[in-house]
$ cat input_19.cif   # mmCIF, C-alpha atoms
data_model
#
loop_
_atom_site.label_atom_id
_atom_site.label_comp_id
_atom_site.auth_asym_id
_atom_site.auth_seq_id
_atom_site.Cartn_x
_atom_site.Cartn_y
_atom_site.Cartn_z
CA MET A 20 83.76 100.31 -153.10
CA LEU A 21 83.35 99.21 -149.50
CA GLY A 22 80.06 97.81 -148.29
CA THR A 23 78.16 99.86 -145.74
CA ALA A 24 78.33 97.07 -143.17
CA LEU A 25 82.12 97.06 -143.45
CA VAL A 26 82.36 100.82 -143.13
CA ALA A 27 80.22 100.70 -140.02
CA GLY A 28 81.93 97.82 -138.29
CA GLY A 29 85.32 96.93 -139.69
CA LEU A 30 87.01 99.66 -141.70
CA LEU A 31 89.47 100.57 -138.98
CA GLY A 32 90.53 96.98 -138.36
CA LEU A 33 89.11 97.02 -134.84
CA SER A 34 89.92 93.89 -132.90
CA SER A 35 88.89 92.15 -129.74
CA ALA A 36 90.39 89.28 -127.79
CA GLN A 37 88.78 86.29 -126.17
CA ALA A 38 90.35 83.40 -124.31
CA GLU A 39 89.29 79.90 -125.28
CA GLU A 40 86.29 78.83 -123.22
CA VAL A 41 84.91 75.33 -122.74
CA VAL A 42 81.16 75.71 -123.21
CA ALA A 43 80.16 72.03 -122.99
CA GLU A 44 81.99 68.87 -122.03
CA GLY A 45 81.23 65.25 -121.37
CA ILE A 46 79.02 65.07 -124.46
CA ASP A 47 78.37 61.37 -125.04
CA SER A 48 78.20 60.25 -128.66
CA GLU A 49 78.04 56.67 -129.87
CA GLU A 50 81.76 56.59 -130.67
CA ALA A 51 83.39 59.22 -128.44
CA VAL A 52 83.03 61.62 -125.55
CA LEU A 53 83.29 65.21 -126.80
CA ARG A 54 83.64 68.78 -125.66
CA ILE A 55 83.02 72.15 -127.31
CA VAL A 56 85.42 75.06 -126.99
CA GLN A 57 84.49 78.59 -128.07
CA LEU A 58 87.37 80.33 -129.84
CA ALA A 59 85.71 83.63 -130.79
CA GLY A 60 82.41 85.44 -130.31
CA GLY A 61 80.81 88.69 -131.41
CA LEU A 62 80.61 87.65 -135.08
CA GLU A 63 77.63 89.04 -136.97
CA HIS A 64 75.92 86.12 -138.67
CA PRO A 65 79.14 84.32 -139.67
CA TRP A 66 78.72 82.27 -142.83
CA GLY A 67 81.91 80.79 -144.28
CA ILE A 68 85.34 79.79 -142.98
CA ALA A 69 88.78 79.21 -144.48
CA GLU A 70 91.95 78.26 -142.64
CA LEU A 71 95.23 79.90 -143.60
CA PRO A 72 98.40 77.73 -143.64
CA ASP A 73 99.63 79.42 -140.44
CA GLY A 74 96.48 78.39 -138.53
CA ARG A 75 94.60 81.71 -138.62
CA PHE A 76 91.00 81.62 -139.78
CA LEU A 77 89.14 83.85 -142.21
CA VAL A 78 85.43 84.06 -141.42
CA THR A 79 82.86 85.87 -143.54
CA GLU A 80 80.06 87.75 -141.80
CA ARG A 81 76.85 88.13 -143.74
CA ALA A 82 76.70 91.82 -142.83
CA GLY A 83 79.59 92.48 -145.25
CA ARG A 84 82.70 91.97 -143.13
CA MET A 85 85.53 89.45 -143.32
CA ALA A 86 87.13 88.65 -139.98
CA MET A 87 90.62 87.31 -139.44
CA ILE A 88 90.77 85.27 -136.24
CA ASP A 89 94.18 84.72 -134.69
CA GLY A 90 93.85 82.94 -131.37
CA GLY A 91 91.17 84.97 -129.64
CA GLU A 92 91.89 88.19 -131.54
CA ILE A 93 89.54 89.34 -134.29
CA THR A 94 90.54 91.82 -136.98
CA HIS A 95 88.15 92.97 -139.70
CA LEU A 96 89.80 93.26 -143.09
CA GLU A 97 89.67 96.30 -145.34
CA GLY A 98 88.95 95.95 -149.06
CA VAL A 99 85.78 93.84 -149.03
CA PRO A 100 83.68 94.84 -152.08
CA GLU A 101 80.15 96.18 -151.76
CA VAL A 102 77.63 93.48 -150.99
CA ALA A 103 73.83 93.53 -150.84
CA VAL A 104 72.96 92.86 -147.20
CA ASN A 105 69.30 91.90 -147.34
CA GLY A 106 67.62 88.88 -145.72
CA GLN A 107 69.75 85.84 -146.53
CA GLY A 108 72.06 87.90 -148.73
CA GLY A 109 75.41 89.42 -147.90
CA LEU A 110 79.00 88.22 -147.74
CA LEU A 111 78.75 84.45 -147.93
CA ASP A 112 81.30 81.66 -148.48
CA VAL A 113 85.10 81.79 -148.59
CA THR A 114 87.74 79.28 -149.66
CA LEU A 115 91.46 79.36 -150.39
CA HIS A 116 92.86 78.50 -153.81
CA HIS A 117 93.49 74.74 -153.84
CA ALA A 118 97.24 75.41 -154.20
CA TYR A 119 97.39 78.31 -151.72
CA ALA A 120 100.12 76.69 -149.62
CA ASP A 121 102.21 76.19 -152.79
CA GLY A 122 102.26 79.86 -153.73
CA GLU A 123 98.87 80.48 -155.39
CA GLU A 124 97.93 82.87 -152.61
CA ARG A 125 94.44 83.89 -153.63
CA LEU A 126 91.22 83.47 -151.73
CA TYR A 127 87.80 83.16 -153.31
CA PHE A 128 84.53 84.42 -151.85
CA SER A 129 80.87 84.54 -152.84
CA TYR A 130 78.33 87.24 -152.08
CA SER A 131 75.06 88.81 -153.12
CA LYS A 132 75.81 91.65 -155.51
CA PRO A 133 73.50 94.65 -155.92
CA GLY A 134 72.52 96.01 -159.31
CA ASP A 135 69.67 97.10 -161.55
CA GLY A 136 66.74 94.76 -161.03
CA GLY A 137 67.80 93.41 -157.65
CA THR A 138 70.71 91.14 -156.75
CA VAL A 139 72.69 88.17 -158.03
CA SER A 140 75.01 85.56 -156.57
CA ALA A 141 78.57 86.55 -157.47
CA LEU A 142 82.12 85.25 -157.08
CA ALA A 143 85.35 87.19 -156.58
CA ARG A 144 88.95 86.49 -155.66
CA ALA A 145 91.61 88.55 -153.92
CA ARG A 146 94.97 88.45 -152.21
CA LEU A 147 95.55 88.95 -148.51
CA ASP A 148 97.99 91.75 -147.69
CA GLY A 149 98.32 92.27 -143.95
CA GLU A 150 94.87 93.30 -142.76
CA ALA A 151 93.39 94.02 -146.18
CA LEU A 152 92.13 92.34 -149.31
CA VAL A 153 93.97 93.59 -152.40
CA ASP A 154 93.77 92.87 -156.13
CA VAL A 155 90.06 92.15 -155.74
CA GLU A 156 88.73 90.73 -159.01
CA GLU A 157 85.15 89.75 -159.79
CA LEU A 158 85.13 86.43 -161.63
CA PHE A 159 81.47 85.57 -162.12
CA GLU A 160 77.91 86.76 -161.59
CA GLN A 161 74.75 84.83 -162.34
CA ASP A 162 72.92 85.72 -165.50
CA ARG A 163 69.79 87.40 -164.10
CA TYR A 164 69.20 89.99 -161.38
CA SER A 165 66.08 89.39 -159.32
CA GLN A 166 64.30 90.31 -156.10
CA PRO A 167 66.77 90.40 -153.21
CA GLY A 168 66.74 88.53 -149.94
CA ARG A 169 66.42 84.79 -150.50
CA HIS A 170 68.15 81.60 -151.66
CA TYR A 171 71.59 82.61 -152.89
CA GLY A 172 73.19 79.21 -152.31
CA SER A 173 76.82 80.31 -152.67
CA ARG A 174 78.79 77.39 -151.22
CA LEU A 175 82.20 76.85 -152.82
CA ALA A 176 84.26 73.67 -153.19
CA TRP A 177 87.26 72.58 -155.27
CA LEU A 178 87.31 69.40 -157.32
CA PRO A 179 90.49 67.30 -157.60
CA ASP A 180 91.03 68.55 -161.18
CA GLY A 181 91.35 72.16 -159.93
CA SER A 182 87.93 73.34 -161.08
CA LEU A 183 85.72 75.27 -158.66
CA LEU A 184 82.11 74.43 -157.84
CA MET A 185 79.65 77.12 -156.76
CA THR A 186 76.04 76.62 -155.73
CA VAL A 187 73.32 79.10 -156.73
CA GLY A 188 69.88 78.98 -155.09
CA ASP A 189 66.57 79.30 -156.91
CA ARG A 190 66.23 82.86 -155.52
CA GLY A 191 63.01 81.99 -153.71
CA VAL A 192 60.28 83.62 -155.82
CA GLU A 193 60.12 81.56 -159.03
CA PRO A 194 61.00 77.95 -158.14
CA GLU A 195 60.55 76.80 -161.73
CA ARG A 196 63.78 78.63 -162.64
CA SER A 197 65.58 75.59 -161.21
CA GLN A 198 64.27 73.50 -164.13
CA ASP A 199 65.64 75.88 -166.77
CA ALA A 200 69.21 75.08 -167.82
CA GLY A 201 69.24 78.51 -169.50
CA ASP A 202 69.12 80.16 -166.05
CA HIS A 203 71.81 79.90 -163.37
CA ALA A 204 69.23 79.91 -160.55
CA GLY A 205 68.78 76.58 -158.78
CA SER A 206 71.97 74.98 -160.00
CA VAL A 207 75.52 73.89 -159.24
CA LEU A 208 78.11 75.64 -161.40
CA ARG A 209 81.58 74.42 -162.38
CA LEU A 210 84.13 77.11 -163.16
CA THR A 211 87.83 77.42 -163.86
CA GLU A 212 89.98 79.21 -161.28
CA THR A 213 89.60 82.40 -163.32
CA GLY A 214 85.80 82.12 -163.54
CA GLY A 215 85.72 80.63 -167.02
CA VAL A 216 84.03 77.49 -168.34
CA PRO A 217 85.83 74.12 -168.31
CA ASP A 218 85.75 72.53 -171.76
CA ASP A 219 84.18 69.32 -170.44
CA ASN A 220 81.23 70.87 -168.61
CA PRO A 221 78.07 68.83 -169.32
CA PHE A 222 76.09 71.51 -171.21
CA VAL A 223 78.78 73.22 -173.30
CA ASP A 224 77.37 71.76 -176.53
CA ASP A 225 73.74 72.56 -175.67
CA ASP A 226 72.66 75.91 -177.12
CA SER A 227 69.64 76.03 -174.78
CA ALA A 228 71.76 75.78 -171.62
CA LEU A 229 74.32 77.98 -169.89
CA ASP A 230 77.82 76.60 -170.17
CA GLU A 231 78.72 77.09 -166.48
CA ILE A 232 75.97 74.75 -165.24
CA TYR A 233 76.96 71.37 -163.78
CA SER A 234 73.56 70.29 -162.37
CA ILE A 235 70.03 71.71 -162.22
CA GLY A 236 66.93 71.28 -160.07
CA ASN A 237 68.66 72.36 -156.84
CA ARG A 238 66.57 74.55 -154.52
CA ASN A 239 69.16 76.07 -152.18
CA ILE A 240 72.36 74.17 -151.38
CA GLN A 241 74.08 75.47 -148.24
CA GLY A 242 76.03 72.37 -147.21
CA PHE A 243 78.68 71.28 -149.71
CA ALA A 244 81.61 68.88 -149.56
CA VAL A 245 83.86 67.01 -151.99
CA ASP A 246 84.88 63.76 -150.33
CA ALA A 247 88.19 61.90 -150.48
CA ASN A 248 87.09 60.07 -153.63
CA GLY A 249 86.01 63.25 -155.42
CA ALA A 250 82.28 62.64 -154.90
CA ILE A 251 80.23 65.82 -154.46
CA TRP A 252 77.79 65.85 -151.53
CA ALA A 253 75.21 68.59 -151.03
CA SER A 254 72.80 69.40 -148.21
CA GLU A 255 69.86 71.19 -149.75
CA HIS A 256 66.99 73.07 -148.15
CA GLY A 257 63.52 71.80 -148.90
CA PRO A 258 60.49 74.07 -148.37
CA LEU A 259 58.63 73.11 -145.17
CA GLY A 260 60.39 69.79 -144.53
CA GLY A 261 61.95 67.67 -147.24
CA ASP A 262 65.58 68.78 -146.68
CA GLU A 263 67.83 66.60 -148.83
CA LEU A 264 71.29 65.10 -149.02
CA ASN A 265 72.20 64.74 -152.69
CA LEU A 266 75.10 63.21 -154.58
CA ILE A 267 75.77 65.75 -157.32
CA GLU A 268 76.75 64.38 -160.72
CA ALA A 269 77.45 66.11 -164.01
CA GLY A 270 74.43 67.01 -166.10
CA GLU A 271 71.83 65.60 -163.70
CA ASN A 272 68.52 67.09 -162.60
CA TYR A 273 67.70 66.99 -158.86
CA GLY A 274 64.03 67.67 -159.23
CA TRP A 275 63.06 70.94 -157.57
CA PRO A 276 60.19 71.90 -157.72
CA THR A 277 58.88 68.94 -159.76
CA VAL A 278 60.08 66.57 -157.01
CA SER A 279 60.02 67.41 -153.31
CA ARG A 280 59.23 65.67 -150.03
CA GLY A 281 58.35 69.03 -148.44
CA VAL A 282 55.10 70.97 -148.34
CA ASP A 283 54.01 74.52 -149.13
CA TYR A 284 54.57 76.99 -146.27
CA GLY A 285 51.07 78.48 -146.54
CA THR A 286 48.75 75.68 -147.63
CA ARG A 287 50.71 72.74 -146.11
CA GLU A 288 49.96 70.90 -149.36
CA PRO A 289 52.62 68.66 -150.96
CA ILE A 290 54.86 70.25 -153.58
CA GLY A 291 55.47 68.11 -156.64
CA GLU A 292 55.99 64.36 -156.73
CA ASP A 293 57.96 62.02 -154.49
CA SER A 294 60.09 60.86 -157.43
CA HIS A 295 60.47 61.19 -161.19
CA PRO A 296 62.16 58.76 -163.62
CA ASP A 297 64.19 61.51 -165.31
CA MET A 298 65.39 63.11 -162.07
CA GLN A 299 67.78 62.07 -159.32
CA ASP A 300 66.34 60.98 -155.99
CA ALA A 301 67.88 62.31 -152.80
CA ARG A 302 70.28 59.91 -151.07
CA TYR A 303 68.76 60.89 -147.74
CA ILE A 304 65.87 63.02 -146.45
CA TYR A 305 66.69 64.80 -143.19
CA ALA A 306 64.06 64.26 -140.52
CA ASP A 307 61.68 67.02 -139.45
CA ARG A 308 62.77 70.63 -140.10
CA PHE A 309 66.53 70.20 -140.01
CA ALA A 310 67.37 73.28 -142.18
CA PRO A 311 70.81 72.15 -143.34
CA SER A 312 73.84 74.40 -143.64
CA GLY A 313 77.44 73.27 -143.54
CA LEU A 314 78.77 69.84 -144.50
CA ALA A 315 82.15 68.16 -144.07
CA GLN A 316 83.64 64.70 -144.45
CA VAL A 317 85.74 63.39 -141.56
CA ASP A 318 89.12 61.86 -142.38
CA SER A 319 90.86 62.83 -139.15
CA GLU A 320 92.70 60.56 -136.72
CA ALA A 321 91.26 62.72 -133.93
CA PHE A 322 87.89 61.10 -134.75
CA ALA A 323 89.14 57.69 -135.85
CA ALA A 324 85.73 56.02 -135.46
CA TRP A 325 84.16 58.65 -137.73
CA GLN A 326 86.42 58.04 -140.74
CA GLY A 327 84.47 58.66 -143.96
CA ASN A 328 81.39 59.96 -142.13
CA LEU A 329 79.68 63.21 -143.12
CA LEU A 330 78.91 65.86 -140.51
CA ALA A 331 75.90 68.03 -141.36
CA GLY A 332 74.99 71.26 -139.57
CA GLY A 333 71.42 72.39 -138.94
CA LEU A 334 70.01 75.91 -138.52
CA ARG A 335 66.44 75.70 -137.22
CA SER A 336 67.17 72.32 -135.61
CA GLU A 337 70.40 73.57 -133.95
CA GLN A 338 71.78 70.08 -134.55
CA LEU A 339 74.98 68.50 -135.80
CA LYS A 340 74.25 65.16 -137.44
CA ARG A 341 76.75 62.40 -138.17
CA LEU A 342 75.90 60.42 -141.30
CA VAL A 343 77.58 57.03 -141.71
CA MET A 344 78.00 56.40 -145.43
CA GLU A 345 78.08 52.97 -147.08
CA ASP A 346 78.12 52.56 -150.87
CA GLY A 347 76.89 56.09 -151.40
CA GLU A 348 73.96 55.78 -149.03
CA VAL A 349 73.30 56.82 -145.43
CA ALA A 350 73.51 53.59 -143.41
CA HIS A 351 73.19 55.19 -139.98
CA ARG A 352 72.77 58.63 -138.47
CA GLU A 353 73.46 60.11 -135.06
CA ILE A 354 72.57 63.48 -133.56
CA VAL A 355 75.90 64.58 -132.07
CA LEU A 356 74.87 68.08 -130.93
CA ASP A 357 71.35 69.21 -130.17
CA GLY A 358 71.07 72.84 -129.14
CA GLU A 359 74.34 73.17 -127.22
CA ILE A 360 75.60 76.12 -129.30
CA GLY A 361 72.60 77.24 -131.37
CA ARG A 362 72.09 77.45 -135.13
CA ILE A 363 74.97 75.77 -136.95
CA ARG A 364 75.85 77.61 -140.15
CA GLU A 365 79.12 75.95 -141.22
CA VAL A 366 81.10 72.77 -140.51
CA HIS A 367 84.84 72.59 -141.25
CA GLN A 368 87.51 70.02 -140.47
CA GLY A 369 90.69 71.86 -139.49
CA SER A 370 94.29 71.03 -140.28
CA ASP A 371 94.63 69.85 -136.68
CA GLY A 372 91.93 67.24 -137.27
CA TYR A 373 89.32 68.86 -135.04
CA VAL A 374 85.92 70.03 -136.25
CA TYR A 375 85.17 73.77 -136.37
CA LEU A 376 81.65 75.16 -136.30
CA LEU A 377 80.16 78.60 -136.97
CA THR A 378 76.89 79.63 -135.34
CA ASP A 379 74.38 81.85 -137.09
CA SER A 380 73.25 84.76 -134.93
CA GLY A 381 73.91 88.46 -134.49
CA ASP A 382 76.42 87.42 -131.83
CA GLY A 383 77.71 84.30 -133.55
CA GLY A 384 80.81 82.37 -132.67
CA LEU A 385 83.57 80.06 -133.83
CA TYR A 386 83.69 76.77 -131.93
CA ARG A 387 85.95 73.73 -131.90
CA LEU A 388 84.54 70.22 -131.39
CA GLU A 389 87.15 67.84 -130.00
CA PRO A 390 87.49 64.62 -128.01
CA ASP A 391 87.11 65.18 -124.28
CA ALA A 392 90.36 63.67 -123.03
#
$ encode --input "input_19.cif" --output "structure tokens"
Amino acid sequence: MLGTALVAGGLLGLSSAQAEEVVAEGIDSEEAVLRIVQLAGGLEHPWGIAELPDGRFLVTERAGRMAMIDGGEITHLEGVPEVAVNGQGGLLDVTLHHAYADGEERLYFSYSKPGDGGTVSALARARLDGEALVDVEELFEQDRYSQPGRHYGSRLAWLPDGSLLMTVGDRGVEPERSQDAGDHAGSVLRLTETGGVPDDNPFVDDDSALDEIYSIGNRNIQGFAVDANGAIWASEHGPLGGDELNLIEAGENYGWPTVSRGVDYGTREPIGEDSHPDMQDARYIYADRFAPSGLAQVDSEAFAAWQGNLLAGGLRSEQLKRLVMEDGEVAHREIVLDGEIGRIREVHQGSDGYVYLLTDSGDGGLYRLEPDA
């Protein structure tokens, strides 16, 4: 069944063209001079990005559409399943199978799924056939439907062993769900490529926990990256302040809502403790109200001075931050962008070594960050 947003905006494969446009240049960072080029506009709250081997991009739009971007031309794909477009929910992340270029030509995407009792975070896979998704197959849905609109998480990342990680937010109404290993809310999941449970998941022998869970105590992870050494880094929304960078490890508890450096939206009172001996401390607390979304490690020769750094996108802050990592800690940080393109939803290093950014608005865009020669 096609989602209503897709029927309204993309069923006929309508396309538009846009020439590349330099929107900012001469941006001085500590290690380079940069420029920003807009590749596409008119995207409705774009959320996730995947790059096909031929250089085209797939971009999800929260409203329920998946766009294929080829140069400046945008085509909306048929075959997207029904999604629940409500608040923060909709069509969310997308990634290619880790062996896509070697013949495993499936793409994976996450979304908020409607059903009795509200919505859940769900995962599906499909094949790309021309301008349509075919062989769409749902692989996973979280265990409990609840009130729609908030904290779906839904970032996807592959581990070196071929297992797939998926984040699930706490769903925004009952934060304590994040402390229950018998509930998928507020966790990182580890799945097989078919949506099953890897035999070595940390809770498979615990009858009180769900087998898919890899970590708990996560409020709402929307920045997610597996680095060159296989370490899992996550940018996680705090409440009012207290946004975190966490190093995710198997079976660990990251504290929410028992531990938080943020405060309650209404009362402005602290939530929980600063630390707890049985829970993992954040590796870094983002300053002010950063509102993180999108995270990527740089290993590109195009940004030689940034090798091994993390780039973190910010929504409310409209910032791109560069985090210099040493021994698993943030040794230095730099604000690379500060309002030049708006709310940054996703950060992606392309096959060409440049950095690609999605902006979150009703008229969002795809941008390329590159050295200003």
$ resolve_selection --input "input_19.cif" --expression "the PyMOL selection byres ((chain A and resi 144) around 7)" --output "tab-separated table (two decimals) with C-alpha atoms, keeping the file's coordinate frame"
chain	number	residue	atom	x	y	z
A	125	ARG	CA	94.44	83.89	-153.63
A	126	LEU	CA	91.22	83.47	-151.73
A	127	TYR	CA	87.80	83.16	-153.31
A	128	PHE	CA	84.53	84.42	-151.85
A	143	ALA	CA	85.35	87.19	-156.58
A	145	ALA	CA	91.61	88.55	-153.92
A	155	VAL	CA	90.06	92.15	-155.74
A	156	GLU	CA	88.73	90.73	-159.01
A	157	GLU	CA	85.15	89.75	-159.79
$ resolve_selection --input "input_19.cif" --expression "the PyMOL selection byres ((chain A and resi 149) around 12)" --output "compact mmCIF listing (two decimals) with C-alpha atoms, keeping the file's coordinate frame"
# COMPACT_ATOMS: atom_id res chain seq x y z
CA GLY A 32 90.53 96.98 -138.36
CA MET A 87 90.62 87.31 -139.44
CA THR A 94 90.54 91.82 -136.98
CA HIS A 95 88.15 92.97 -139.70
CA LEU A 96 89.80 93.26 -143.09
CA GLU A 97 89.67 96.30 -145.34
CA GLY A 98 88.95 95.95 -149.06
CA ARG A 146 94.97 88.45 -152.21
CA LEU A 147 95.55 88.95 -148.51
CA ASP A 148 97.99 91.75 -147.69
CA GLU A 150 94.87 93.30 -142.76
CA ALA A 151 93.39 94.02 -146.18
CA LEU A 152 92.13 92.34 -149.31
CA VAL A 153 93.97 93.59 -152.40
$ closest_residue --input "input_19.cif" --among "A:Phe76, A:Pro167, A:Glu212, A:Asn105" --to "Glu123 of chain A" --atoms "all atoms listed in the file"
A:Glu212
$ residues_near_point --input "input_19.cif" --point "(64.5, 78.0, -151.4)" --cutoff "7 Å" --atoms "all atoms listed in the file" --output "list of chain:residue names"
A:His170, A:Gly188, A:Asp189, A:Arg190, A:Gly191, A:Arg238, A:Asn239, A:His256, A:Gly257, A:Pro258
$ closest_atom_pairs --input "input_19.cif" --of "segment 133-204 of chain A" --to "segment 263-272 of chain A" --cutoff "12 Å" --atoms "all atoms listed in the file" --output "Markdown table"
| residue | atom | partner | partner_atom | distance |
| --- | --- | --- | --- | --- |
| A:Leu184 | CA | A:Ile267 | CA | 10.8 |
| A:Thr186 | CA | A:Ile267 | CA | 11.0 |
| A:Ser197 | CA | A:Asn272 | CA | 9.1 |
| A:Gln198 | CA | A:Asn272 | CA | 7.8 |
| A:Asp199 | CA | A:Asn272 | CA | 10.1 |
| A:Ala200 | CA | A:Asn272 | CA | 9.6 |
$ write_last_selection --input "input_19.cif" --atoms "C-alpha atoms" --output "CSV table (one decimal), keeping the file's coordinate frame"
chain,number,residue,atom,x,y,z
A,184,LEU,CA,82.1,74.4,-157.8
A,186,THR,CA,76.0,76.6,-155.7
A,197,SER,CA,65.6,75.6,-161.2
A,198,GLN,CA,64.3,73.5,-164.1
A,199,ASP,CA,65.6,75.9,-166.8
A,200,ALA,CA,69.2,75.1,-167.8
$ residues_around --input "input_19.cif" --residues "segment 280-291 of chain A" --least-positions-apart "5" --cutoff "9 Å" --atoms "only C-alpha atoms" --output "PyMOL selection string"
chain A and resi 257-263+274-275+304
$ atom_distance --input "input_19.cif" --atom1 "atom CA of Gln368 of chain A" --atom2 "atom CA of Asn248 of chain A"
16.5 Å
$ atom_distance --input "input_19.cif" --atom1 "atom CA of Glu40 of chain A" --atom2 "atom CA of Leu356 of chain A"
17.5 Å
$ closest_residue --input "input_19.cif" --among "A:Gln166, A:Asn328, A:Gln316, A:Thr138" --to "His367 of chain A" --atoms "all atoms listed in the file"
A:Gln316
$ residues_around --input "input_19.cif" --residues "His351 of chain A" --least-positions-apart "5" --cutoff "9 Å" --atoms "only C-alpha atoms" --output "PDB file with C-alpha atoms, keeping the file's coordinate frame"
ATOM      1  CA  ARG A 341      76.750  62.400-138.170  1.00  0.00           C
ATOM      2  CA  LEU A 342      75.900  60.420-141.300  1.00  0.00           C
ATOM      3  CA  VAL A 343      77.580  57.030-141.710  1.00  0.00           C
ATOM      4  CA  MET A 344      78.000  56.400-145.430  1.00  0.00           C
ATOM      5  CA  GLU A 345      78.080  52.970-147.080  1.00  0.00           C
TER       6      GLU A 345
END
$ closest_residue --input "input_19.cif" --among "A:Gly242, A:Gly347, A:Gly136, A:Gly358" --to "Asp162 of chain A" --atoms "all atoms listed in the file"
A:Gly136
$ axis_aligned_box --input "input_19.cif" --around "segment 374-377 of chain A" --padding-each-side "6 Å" --output "lines of an AutoDock Vina configuration file"
center_x = 83.0
center_y = 74.3
center_z = -136.6
size_x = 17.8
size_y = 20.6
size_z = 12.7
$ resolve_selection --input "input_19.cif" --expression "the PyMOL selection byres ((chain A and resi 230-232) around 7)" --output "ChimeraX atom specification"
/A:203,206-210,216,220,222-223,228-229,233-234
$ closest_residue --input "input_19.cif" --among "A:Arg81, A:Arg163, A:Arg54, A:Arg75" --to "Ser129 of chain A" --atoms "only C-alpha atoms"
A:Arg81
$ residues_near_point --input "input_19.cif" --point "(89.4, 87.5, -122.2)" --cutoff "12 Å" --atoms "only C-alpha atoms" --output "NGL selection string"
:A and (35-40 or 57-60 or 90-92)
$ atom_distance --input "input_19.cif" --atom1 "atom CA of Glu49 of chain A" --atom2 "atom CA of Lys340 of chain A"
12.0 Å
$ residues_around --input "input_19.cif" --residues "Gln241 of chain A" --least-positions-apart "3" --cutoff "6 Å" --atoms "all atoms listed in the file" --output "list of chain:residue names"
A:Gly172, A:Arg174, A:Ser312
$ closest_atom_pairs --input "input_19.cif" --of "segment 48-95 of chain A" --to "segment 372-392 of chain A" --cutoff "8 Å" --atoms "only C-alpha atoms" --output "Markdown table"
| residue | atom | partner | partner_atom | distance |
| --- | --- | --- | --- | --- |
| A:Ala51 | CA | A:Pro390 | CA | 6.8 |
| A:Val52 | CA | A:Asp391 | CA | 5.6 |
| A:Leu53 | CA | A:Pro390 | CA | 4.4 |
| A:Arg54 | CA | A:Asp391 | CA | 5.2 |
| A:Ile55 | CA | A:Leu388 | CA | 4.8 |
| A:Val56 | CA | A:Arg387 | CA | 5.1 |
| A:Gln57 | CA | A:Tyr386 | CA | 4.3 |
| A:Leu58 | CA | A:Leu385 | CA | 5.5 |
| A:Ala59 | CA | A:Leu385 | CA | 5.2 |
| A:Gly60 | CA | A:Gly384 | CA | 4.2 |
| A:Gly61 | CA | A:Asp382 | CA | 4.6 |
| A:Leu62 | CA | A:Gly383 | CA | 4.7 |
| A:Glu63 | CA | A:Gly381 | CA | 4.5 |
| A:His64 | CA | A:Ser380 | CA | 4.8 |
| A:Pro65 | CA | A:Asp379 | CA | 6.0 |
| A:Trp66 | CA | A:Leu377 | CA | 7.1 |
| A:Gly67 | CA | A:Leu377 | CA | 7.8 |
$ closest_residue --input "input_19.cif" --among "A:Val187, A:Ala118, A:Ile68, A:Leu330" --to "Arg169 of chain A" --atoms "all atoms listed in the file"
A:Val187
